[in-house]
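Chemist: So I've got this file, entry-v2.txt, and it contains compact mmCIF, C-alpha atoms:
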```txt
# COMPACT_ATOMS: atom_id res chain seq x y z
CA MET N 234 4.68 3.12 22.42
CA GLU N 235 3.64 4.88 19.23
CA LYS N 236 1.63 2.73 16.85
CA LYS N 237 3.57 1.42 13.88
CA LEU N 238 2.95 0.63 10.23
CA ILE N 239 4.63 -2.75 9.69
CA PHE N 240 5.27 -4.20 6.23
CA PHE N 241 5.92 -7.83 5.28
CA ASP N 242 7.18 -9.33 2.06
CA ILE N 243 5.64 -12.73 1.29
CA ASP N 244 8.12 -15.08 -0.39
CA GLY N 245 11.07 -15.82 1.86
CA THR N 246 9.58 -13.74 4.67
CA LEU N 247 6.11 -14.96 5.65
CA ILE N 248 6.41 -18.22 3.66
CA ASP N 249 9.00 -19.86 1.40
CA CYS N 250 7.89 -21.77 -1.68
CA HIS N 251 11.51 -22.84 -2.32
CA THR N 252 11.48 -24.98 0.83
CA ASN N 253 7.80 -25.96 0.59
CA LEU N 254 6.92 -23.72 3.55
CA VAL N 255 3.65 -22.71 1.91
CA LYS N 256 1.76 -21.77 5.09
CA MET N 257 2.60 -19.23 7.75
CA SER N 258 3.96 -20.88 10.88
CA ASP N 259 2.12 -20.76 14.20
CA LYS N 260 4.67 -18.27 15.56
CA THR N 261 4.28 -16.02 12.54
CA ARG N 262 0.49 -16.04 12.86
CA TYR N 263 0.78 -15.35 16.58
CA SER N 264 3.09 -12.40 15.79
CA LEU N 265 0.58 -10.85 13.38
CA GLU N 266 -2.29 -11.30 15.84
CA ALA N 267 -0.27 -9.76 18.67
CA LEU N 268 0.62 -6.73 16.54
CA LYS N 269 -3.00 -6.14 15.64
CA LYS N 270 -4.13 -6.49 19.25
CA ALA N 271 -1.53 -3.91 20.26
CA GLY N 272 -3.00 -1.43 17.75
CA HIS N 273 -0.31 -1.55 15.09
CA GLN N 274 -1.32 -1.75 11.43
CA ILE N 275 0.12 -4.56 9.31
CA PHE N 276 0.57 -4.66 5.55
CA ILE N 277 1.75 -6.93 2.78
CA ALA N 278 4.43 -5.45 0.50
CA SER N 279 4.94 -7.93 -2.33
CA GLY N 280 5.92 -8.32 -5.93
CA ARG N 281 2.83 -10.45 -6.41
CA CYS N 282 -0.50 -9.07 -7.59
CA LEU N 283 -3.45 -9.62 -5.26
CA CYS N 284 -4.82 -12.78 -6.88
CA PHE N 285 -1.29 -14.23 -7.09
CA MET N 286 -0.92 -14.10 -3.31
CA PRO N 287 -1.45 -17.43 -1.52
CA GLN N 288 -5.02 -17.86 -0.35
CA GLU N 289 -3.94 -17.83 3.29
CA ILE N 290 -2.44 -14.36 2.78
CA GLN N 291 -5.56 -13.12 0.99
CA ASP N 292 -7.81 -14.46 3.75
CA TYR N 293 -5.81 -12.98 6.63
CA PRO N 294 -7.13 -9.57 7.83
CA PHE N 295 -4.17 -7.41 6.87
CA ASP N 296 -4.87 -3.69 6.96
CA GLY N 297 -3.71 -3.30 3.39
CA TYR N 298 -1.65 -4.55 0.48
CA ILE N 299 1.15 -3.06 -1.54
CA SER N 300 1.29 -5.31 -4.59
CA CYS N 301 3.06 -5.51 -7.97
CA ASN N 302 6.23 -4.12 -6.36
CA GLY N 303 4.49 -0.90 -5.43
CA ALA N 304 2.35 -0.29 -8.52
CA SER N 305 -0.89 -1.00 -6.65
CA ILE N 306 -1.94 -0.01 -3.12
CA HIS N 307 -5.05 -1.14 -1.24
CA TYR N 308 -6.07 0.02 2.21
CA HIS N 309 -8.84 -2.16 3.58
CA ASP N 310 -11.35 -2.16 0.71
CA GLN N 311 -10.12 1.03 -0.93
CA VAL N 312 -7.79 1.30 -3.93
CA ILE N 313 -5.63 4.32 -3.21
CA TYR N 314 -3.01 4.07 -5.97
CA LYS N 315 -2.42 2.45 -9.38
CA ASN N 316 0.48 2.74 -11.82
CA THR N 317 -0.23 1.06 -15.15
CA ILE N 318 2.05 -0.30 -17.87
CA SER N 319 1.54 1.71 -21.07
CA PRO N 320 0.41 0.22 -24.41
CA ALA N 321 3.85 0.99 -25.88
CA GLN N 322 5.56 -0.90 -23.04
CA ILE N 323 3.23 -3.87 -23.54
CA LYS N 324 4.06 -3.88 -27.27
CA GLN N 325 7.75 -3.97 -26.34
CA LEU N 326 7.06 -7.05 -24.21
CA GLU N 327 5.13 -8.76 -27.01
CA VAL N 328 7.92 -8.24 -29.53
CA PHE N 329 10.67 -9.46 -27.22
CA ALA N 330 8.69 -12.52 -26.19
CA LYS N 331 7.92 -13.49 -29.80
CA ASP N 332 11.51 -13.03 -30.95
CA ASN N 333 13.02 -14.99 -28.05
CA GLU N 334 10.47 -17.71 -27.27
CA VAL N 335 9.77 -16.18 -23.90
CA ILE N 336 6.72 -16.85 -21.74
CA TYR N 337 5.39 -13.66 -20.23
CA PHE N 338 2.69 -12.69 -17.78
CA LEU N 339 0.82 -9.40 -17.35
CA GLU N 340 -0.65 -8.85 -13.89
CA GLU N 341 -3.54 -6.83 -12.51
CA ASP N 342 -5.36 -7.21 -9.19
CA GLN N 343 -7.60 -10.16 -10.03
CA LYS N 344 -6.35 -11.46 -13.39
CA ILE N 345 -3.04 -12.67 -14.77
CA TYR N 346 -2.63 -12.89 -18.54
CA THR N 347 -0.08 -15.02 -20.38
CA ASN N 348 0.94 -15.63 -23.97
CA LYS N 349 1.40 -19.40 -23.49
CA ILE N 350 -1.37 -20.55 -21.18
CA GLU N 351 -1.11 -24.23 -22.19
CA ASP N 352 2.68 -24.48 -22.14
CA PRO N 353 3.87 -27.05 -19.54
CA THR N 354 6.57 -24.63 -18.33
CA CYS N 355 3.90 -21.99 -17.73
CA ILE N 356 1.72 -24.40 -15.75
CA GLN N 357 4.71 -25.71 -13.76
CA PHE N 358 5.71 -22.15 -12.87
CA ALA N 359 2.14 -21.29 -11.85
CA ASN N 360 1.86 -24.33 -9.60
CA LYS N 361 5.27 -23.81 -7.99
CA TRP N 362 4.46 -20.24 -7.00
CA GLN N 363 0.80 -20.95 -6.12
CA MET N 364 -0.49 -18.86 -9.01
CA PRO N 365 -4.25 -19.58 -9.18
CA LEU N 366 -5.00 -21.22 -12.52
CA ASP N 367 -8.60 -19.98 -12.43
CA HIS N 368 -7.24 -16.40 -12.52
CA LEU N 369 -4.94 -17.15 -15.48
CA TYR N 370 -6.15 -15.97 -18.91
CA PRO N 371 -4.80 -16.02 -22.47
CA ILE N 372 -3.70 -12.66 -23.82
CA ALA N 373 -6.00 -10.98 -26.31
CA ASN N 374 -5.69 -7.32 -27.29
CA ALA N 375 -2.79 -6.96 -24.88
CA GLU N 376 -2.32 -3.24 -25.48
CA THR N 377 -5.81 -2.53 -24.10
CA LEU N 378 -5.11 -4.23 -20.76
CA ASN N 379 -4.91 -2.30 -17.49
CA VAL N 380 -1.95 -4.11 -15.88
CA GLN N 381 0.60 -3.04 -13.29
CA MET N 382 3.43 -5.55 -13.64
CA ALA N 383 4.96 -8.20 -15.88
CA MET N 384 6.99 -11.39 -15.46
CA LEU N 385 9.13 -13.31 -17.91
CA ILE N 386 10.24 -16.94 -18.09
CA CYS N 387 13.26 -17.19 -20.39
CA PRO N 388 14.47 -20.37 -22.12
CA THR N 389 18.16 -19.68 -21.40
CA LYS N 390 20.37 -17.63 -19.11
CA HIS N 391 21.63 -15.69 -22.13
CA ILE N 392 18.12 -14.55 -23.03
CA LEU N 393 17.47 -13.66 -19.40
CA GLU N 394 20.56 -11.44 -19.41
CA THR N 395 19.48 -9.98 -22.76
CA ALA N 396 16.08 -9.12 -21.24
CA LYS N 397 17.79 -7.31 -18.38
CA VAL N 398 19.41 -4.92 -20.85
CA TYR N 399 16.45 -4.71 -23.24
CA PHE N 400 13.95 -3.58 -20.59
CA GLN N 401 16.23 -1.54 -18.34
CA GLU N 402 15.03 1.88 -19.51
CA ASP N 403 11.42 1.51 -18.36
CA PHE N 404 11.56 -1.36 -15.87
CA ASP N 405 13.45 -2.58 -12.86
CA VAL N 406 14.39 -6.09 -13.96
CA GLN N 407 14.37 -8.17 -10.77
CA ILE N 408 15.64 -11.67 -11.55
CA HIS N 409 14.28 -14.39 -9.29
CA PRO N 410 17.32 -15.84 -7.46
CA GLY N 411 18.46 -19.09 -9.05
CA GLN N 412 15.71 -18.99 -11.69
CA LEU N 413 15.34 -18.19 -15.39
CA SER N 414 12.46 -15.86 -14.56
CA THR N 415 12.20 -12.22 -13.64
CA ASP N 416 9.81 -9.52 -12.51
CA LEU N 417 9.48 -6.42 -14.66
CA SER N 418 8.43 -3.61 -12.34
CA LEU N 419 7.82 -0.08 -13.55
CA LYS N 420 10.70 2.22 -12.64
CA THR N 421 8.12 4.79 -11.56
CA SER N 422 6.97 2.38 -8.80
CA SER N 423 8.66 0.66 -5.88
CA LYS N 424 7.71 -0.74 -2.50
CA GLY N 425 9.47 2.22 -0.90
CA ARG N 426 7.53 4.82 -2.90
CA ALA N 427 4.29 2.98 -2.15
CA ILE N 428 5.04 3.04 1.59
CA ARG N 429 5.50 6.82 1.43
CA ILE N 430 2.22 7.20 -0.47
CA LEU N 431 0.42 5.04 2.08
CA ALA N 432 1.98 6.81 5.08
CA ASP N 433 0.92 10.17 3.64
CA TYR N 434 -2.59 8.83 3.01
CA LEU N 435 -2.82 7.68 6.63
CA ASP N 436 -1.15 10.87 7.92
CA GLN N 437 1.52 8.75 9.60
CA ASN N 438 5.15 9.66 10.26
CA ILE N 439 7.55 7.58 8.16
CA MET N 440 9.63 7.21 11.35
CA ASN N 441 6.94 4.85 12.65
CA THR N 442 7.50 2.24 9.95
CA ILE N 443 9.08 -1.21 10.07
CA ALA N 444 9.66 -3.73 7.29
CA PHE N 445 10.65 -7.38 7.04
CA GLY N 446 12.05 -8.69 3.75
CA ASP N 447 14.54 -10.97 2.06
CA GLY N 448 14.90 -10.16 -1.63
CA PRO N 449 16.38 -7.60 -4.03
CA ASN N 450 12.94 -6.06 -4.63
CA ASP N 451 12.87 -5.08 -0.95
CA THR N 452 15.78 -2.66 -1.36
CA GLU N 453 13.72 0.51 -1.83
CA MET N 454 11.47 -0.54 1.04
CA PHE N 455 14.50 -0.95 3.32
CA ASN N 456 15.81 2.45 2.26
CA THR N 457 12.45 4.03 3.16
CA VAL N 458 11.30 2.61 6.49
CA ASP N 459 12.74 3.54 9.85
CA LEU N 460 13.52 -0.04 10.89
CA PRO N 461 14.39 -2.48 8.08
CA ILE N 462 14.83 -6.06 9.31
CA ALA N 463 16.33 -8.67 6.97
CA MET N 464 15.43 -12.31 7.29
CA GLY N 465 18.32 -14.69 7.97
CA ASN N 466 17.75 -16.16 4.51
CA ALA N 467 17.87 -12.72 2.80
CA VAL N 468 20.22 -11.97 -0.08
CA ASP N 469 23.53 -10.40 0.92
CA GLU N 470 22.81 -7.01 -0.68
CA LEU N 471 19.67 -6.62 1.44
CA LYS N 472 21.43 -7.69 4.63
CA ALA N 473 24.03 -5.01 3.92
CA ILE N 474 21.45 -2.20 4.21
CA ALA N 475 19.34 -3.71 7.00
CA GLU N 476 19.23 -2.22 10.48
CA GLU N 477 19.45 -5.77 11.74
CA ILE N 478 19.24 -9.39 10.63
CA THR N 479 16.80 -11.74 12.31
CA LYS N 480 16.50 -15.52 11.97
CA SER N 481 15.39 -17.19 8.74
CA VAL N 482 11.77 -17.67 7.70
CA GLU N 483 12.05 -21.36 8.66
CA GLU N 484 13.29 -20.31 12.12
CA ASP N 485 10.40 -17.85 12.68
CA GLY N 486 12.48 -14.75 12.04
CA ILE N 487 9.50 -12.39 12.22
CA TYR N 488 8.60 -13.62 15.70
CA HIS N 489 12.14 -13.22 17.00
CA GLY N 490 12.64 -9.82 15.36
CA LEU N 491 9.46 -8.42 16.90
CA ILE N 492 10.33 -9.77 20.36
CA LYS N 493 13.75 -8.10 20.19
CA HIS N 494 12.07 -4.73 19.68
CA HIS N 495 9.45 -5.37 22.38
CA LEU N 496 6.58 -5.23 19.93
CA ILE N 497 5.20 -8.60 21.00
CA LYS N 498 5.64 -10.82 24.05
CA GLU N 499 7.36 -14.17 23.98
CA ILE N 500 5.02 -17.05 24.66
CA TRP N 501 7.03 -19.98 23.26
CA VAL N 502 9.97 -21.41 25.15
```
Go through the file and emit its structure as structure tokens.
Modeler:
Amino acid sequence: MEKKLIFFDIDGTLIDCHTNLVKMSDKTRYSLEALKKAGHQIFIASGRCLCFMPQEIQDYPFDGYISCNGASIHYHDQVIYKNTISPAQIKQLEVFAKDNEVIYFLEEDQKIYTNKIEDPTCIQFANKWQMPLDHLYPIANAETLNVQMAMLICPTKHILETAKVYFQEDFDVQIHPGQLSTDLSLKTSSKGRAIRILADYLDQNIMNTIAFGDGPNDTEMFNTVDLPIAMGNAVDELKAIAEEITKSVEEDGIYHGLIKHHLIKEIWV
């Protein structure tokens, strides 16, 4: 069997903060270990920046990380790609946030900046999504920052919908399902584009790629890899473009999906 590049989203795929599944299950960890032992390379492909990833994910020996929805790529200890939000785009964020009482975050690899660091809503959001508070900083001289992604927390659904229109020219506005928050990812980046950049860097055929995901920001990734596998808990629009649908994250969907394609052996009965 040819060796594969296999990509995993975090939230709703490896773990699920919505259901308090904040650690990878034993079957998921077994699956990753079995892939590595078989010579495949495994990668995170997430909307989170590196320091925003749960510590367990940071500590696990993945071969690389696609973060900030494709705006940053790391392979082992090497940074191989960055796409940075411009000063004009940051100014646009500042103005919208001030006019609409919006909390916003600007993300780079090891720091996350916010305009309302002491706001209880900001702290609650950070804790819910395991954002490390020791990597959270107040914004000063925002237009000089070297950041790859932004997030908003809006006070109302109306303002959230207004943000979707306001930022649509430069950003993919990816609303968190059931939340008043959203990612703002540069339109010039995506998980799919990052996978192509990484495959070219590794001189690997894109036909030897697999991805597991569950959310709207996995769409470009699913349209890029050879075998896109949607988790059972994935949104309907992602399931519609998946090659197949495995079980949910709570039912060890990664384990079952890999067994089906003979990439790992079943050891649990």
Chemist: So that each row is one residue of segment 391-500 of chain N with an atom at most 9 Å from segment 306-310 of chain N, can you give its shortest atom pair and the distance in Å to one decimal, using all atoms listed in the file, rows by chain and rising number, as JSON lines?
Modeler:
```
{"residue": "N:Ala427", "atom": "CA", "partner": "N:Ile306", "partner_atom": "CA", "distance": 7.0}
{"residue": "N:Ile428", "atom": "CA", "partner": "N:Ile306", "partner_atom": "CA", "distance": 9.0}
{"residue": "N:Ile430", "atom": "CA", "partner": "N:Ile306", "partner_atom": "CA", "distance": 8.7}
{"residue": "N:Leu431", "atom": "CA", "partner": "N:Ile306", "partner_atom": "CA", "distance": 7.6}
```
Chemist: As an exercise, work out the distance from atom CA of Thr317 of chain N to atom CA of Glu341 of chain N in Å and give it to one decimal place.
Modeler: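 Interatomic distance here is 9.0 Å.
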Chemist: Restricting the calculation to all atoms listed in the file, which member of N:Tyr293, N:Ile386, N:Gln363, N:Lys472 is positioned closest to His251 of chain N?
Modeler: N:Gln363
Chemist: Edge lengths and centre in Å to one decimal, as JSON, is what I'm after for the box along x, y and z that holds all listed atoms of segment 400-419 of chain N once 8 Å is added on each side.
Modeler:
```
{"center_x": 13.1, "center_y": -8.6, "center_z": -14.0, "size_x": 26.6, "size_y": 37.0, "size_z": 29.1}
```
Chemist: From the set N:Asn456, N:Thr354, N:His489, N:Ala271, which residue has the shortest atom-to-atom contact distance to Leu413 of chain N, counting only C-alpha atoms?
Modeler: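 Counting only C-alpha atoms, the residue closest to Leu413 of chain N is N:Thr354.
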Chemist: Excluding Ile350 of chain N and residues on its chain fewer than 6 positions from it, collect all residues at most 9 Å away from it, counting all atoms listed in the file, and give them as a PDB file with C-alpha atoms, in the coordinates of the input.
Modeler:
```pdb
ATOM      1  CA  ILE N 336       6.720 -16.850 -21.740  1.00  0.00           C
ATOM      2  CA  ILE N 356       1.720 -24.400 -15.750  1.00  0.00           C
ATOM      3  CA  LEU N 369      -4.940 -17.150 -15.480  1.00  0.00           C
ATOM      4  CA  TYR N 370      -6.150 -15.970 -18.910  1.00  0.00           C
ATOM      5  CA  PRO N 371      -4.800 -16.020 -22.470  1.00  0.00           C
ATOM      6  CA  ILE N 372      -3.700 -12.660 -23.820  1.00  0.00           C
TER       7      ILE N 372
END
```
Chemist: Show me, as a ChimeraX atom specification, the residues that have an atom within 12 Å of segment 466-470 of chain N when counting all atoms listed in the file, minus same-chain residues fewer than 2 positions from it.
Modeler: /N:242,244-249,251-252,409-411,445-453,455,462-464,472-475,477-487
Chemist: With 7 Å as the threshold, what does the neighbourhood of (4.0, -8.8, -1.5) contain in terms of residues, counting only C-alpha atoms? Coordinates are those of the file; answer as a VMD selection string.
Modeler: chain N and resid 242 to 243 277 to 281 299 to 300
Chemist: Would you please work out which residue, of N:Lys498, N:Lys424, N:Lys349, N:His368, is nearest to Glu266 of chain N when using all atoms listed in the file?
Modeler: N:Lys498
Chemist: Set the distance at 10 Å and use all atoms listed in the file: which residues neighbour Asn333 of chain N once local chain neighbours fewer than 4 positions away are removed? I'd like the list as a PyMOL selection string.
Modeler: chain N and resi 328-329+387-389+392-393+395-396
Chemist: In Å, rounded to a single decimal, give me how far atom CA of Leu419 of chain N is from atom CA of Asp342 of chain N.
Modeler: 15.6 Å
Chemist: Rounded to one decimal, what separation in Å do you get between atom CA of Gln274 of chain N and atom CA of Thr442 of chain N?
Modeler: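 Atom CA of Gln274 of chain N sits 9.8 Å away from atom CA of Thr442 of chain N.
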Chemist: Taking all atoms listed in the file into account, which of N:Lys256, N:Lys361, N:Arg426, N:Lys324 comes nearest Phe400 of chain N?
Modeler: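 So, comparing all the options, the nearest one is N:Lys324.
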Chemist: Find the spatial neighbours of Leu385 of chain N, counting all atoms listed in the file, within a cut-off of 7 Å - ignore same-chain residues fewer than 6 positions away - and output them as a PyMOL selection string.
Modeler: chain N and resi 335-338+414-416
Chemist: With distances taken over all atoms listed in the file, which residue among N:Tyr434, N:Phe241, N:Phe404, N:Tyr314 lies nearest Lys420 of chain N?
Modeler: N:Phe404
Chemist: Of the residues N:Cys282, N:Ile439, N:Leu238, N:Ala304, which is the one nearest to Ser422 of chain N, using all atoms listed in the file?
Modeler: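 The shortest atom-to-atom distance to Ser422 of chain N comes from N:Ala304.
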Chemist: Compile the contact shell of Lys269 of chain N as a VMD selection string: residues with an atom at most 12 Å away, counting all atoms listed in the file, same-chain residues fewer than 2 positions apart removed.
Modeler: chain N and resid 236 to 239 262 to 267 271 to 276 293 to 296 496 to 497
Chemist: Any chance you could export segment 313-338 of chain N with N, CA and C atoms, as a compact mmCIF listing (two decimals), in the first residue's frame?
Modeler:
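Below is the file part-v9.txt, written as the result:
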```txt
# COMPACT_ATOMS: atom_id res chain seq x y z
N ILE N 313 6.61 26.29 6.83
CA ILE N 313 6.76 26.26 5.38
C ILE N 313 5.81 27.22 4.66
N TYR N 314 4.88 27.84 5.41
CA TYR N 314 3.96 28.77 4.76
C TYR N 314 3.29 29.65 5.80
N LYS N 315 3.13 30.95 5.46
CA LYS N 315 2.36 31.90 6.27
C LYS N 315 1.58 32.82 5.35
N ASN N 316 0.35 33.13 5.71
CA ASN N 316 -0.45 34.13 5.02
C ASN N 316 -1.00 35.06 6.08
N THR N 317 -0.65 36.32 6.02
CA THR N 317 -0.88 37.26 7.12
C THR N 317 -1.96 38.28 6.78
N ILE N 318 -2.79 38.58 7.77
CA ILE N 318 -3.82 39.61 7.63
C ILE N 318 -3.14 40.97 7.52
N SER N 319 -3.58 41.78 6.57
CA SER N 319 -2.94 43.07 6.30
C SER N 319 -3.33 44.11 7.34
N PRO N 320 -2.53 45.18 7.49
CA PRO N 320 -2.91 46.27 8.40
C PRO N 320 -4.27 46.87 8.06
N ALA N 321 -4.60 47.01 6.79
CA ALA N 321 -5.90 47.56 6.40
C ALA N 321 -7.04 46.64 6.84
N GLN N 322 -6.85 45.34 6.74
CA GLN N 322 -7.87 44.39 7.16
C GLN N 322 -8.04 44.41 8.68
N ILE N 323 -6.94 44.58 9.41
CA ILE N 323 -7.02 44.68 10.87
C ILE N 323 -7.77 45.95 11.26
N LYS N 324 -7.51 47.04 10.57
CA LYS N 324 -8.22 48.30 10.85
C LYS N 324 -9.73 48.12 10.63
N GLN N 325 -10.09 47.39 9.59
CA GLN N 325 -11.49 47.10 9.32
C GLN N 325 -12.12 46.35 10.49
N LEU N 326 -11.39 45.39 11.05
CA LEU N 326 -11.86 44.65 12.21
C LEU N 326 -12.05 45.56 13.42
N GLU N 327 -11.07 46.43 13.66
CA GLU N 327 -11.13 47.34 14.80
C GLU N 327 -12.37 48.24 14.72
N VAL N 328 -12.62 48.79 13.57
CA VAL N 328 -13.75 49.70 13.39
C VAL N 328 -15.08 48.98 13.61
N PHE N 329 -15.22 47.80 13.00
CA PHE N 329 -16.47 47.05 13.15
C PHE N 329 -16.70 46.67 14.61
N ALA N 330 -15.65 46.21 15.28
CA ALA N 330 -15.78 45.79 16.67
C ALA N 330 -16.19 46.96 17.56
N LYS N 331 -15.57 48.12 17.35
CA LYS N 331 -15.91 49.29 18.17
C LYS N 331 -17.34 49.75 17.94
N ASP N 332 -17.78 49.73 16.70
CA ASP N 332 -19.12 50.23 16.36
C ASP N 332 -20.24 49.28 16.79
N ASN N 333 -19.89 48.00 17.00
CA ASN N 333 -20.93 46.99 17.26
C ASN N 333 -20.76 46.23 18.56
N GLU N 334 -19.87 46.71 19.42
CA GLU N 334 -19.62 46.07 20.72
C GLU N 334 -19.28 44.59 20.57
N VAL N 335 -18.39 44.35 19.65
CA VAL N 335 -17.97 42.98 19.33
C VAL N 335 -16.63 42.68 20.00
N ILE N 336 -16.50 41.48 20.54
CA ILE N 336 -15.21 40.98 21.02
C ILE N 336 -14.51 40.33 19.84
N TYR N 337 -13.24 40.67 19.63
CA TYR N 337 -12.53 40.00 18.55
C TYR N 337 -11.16 39.52 19.00
N PHE N 338 -10.70 38.51 18.31
CA PHE N 338 -9.40 37.90 18.58
C PHE N 338 -8.57 37.92 17.30
```
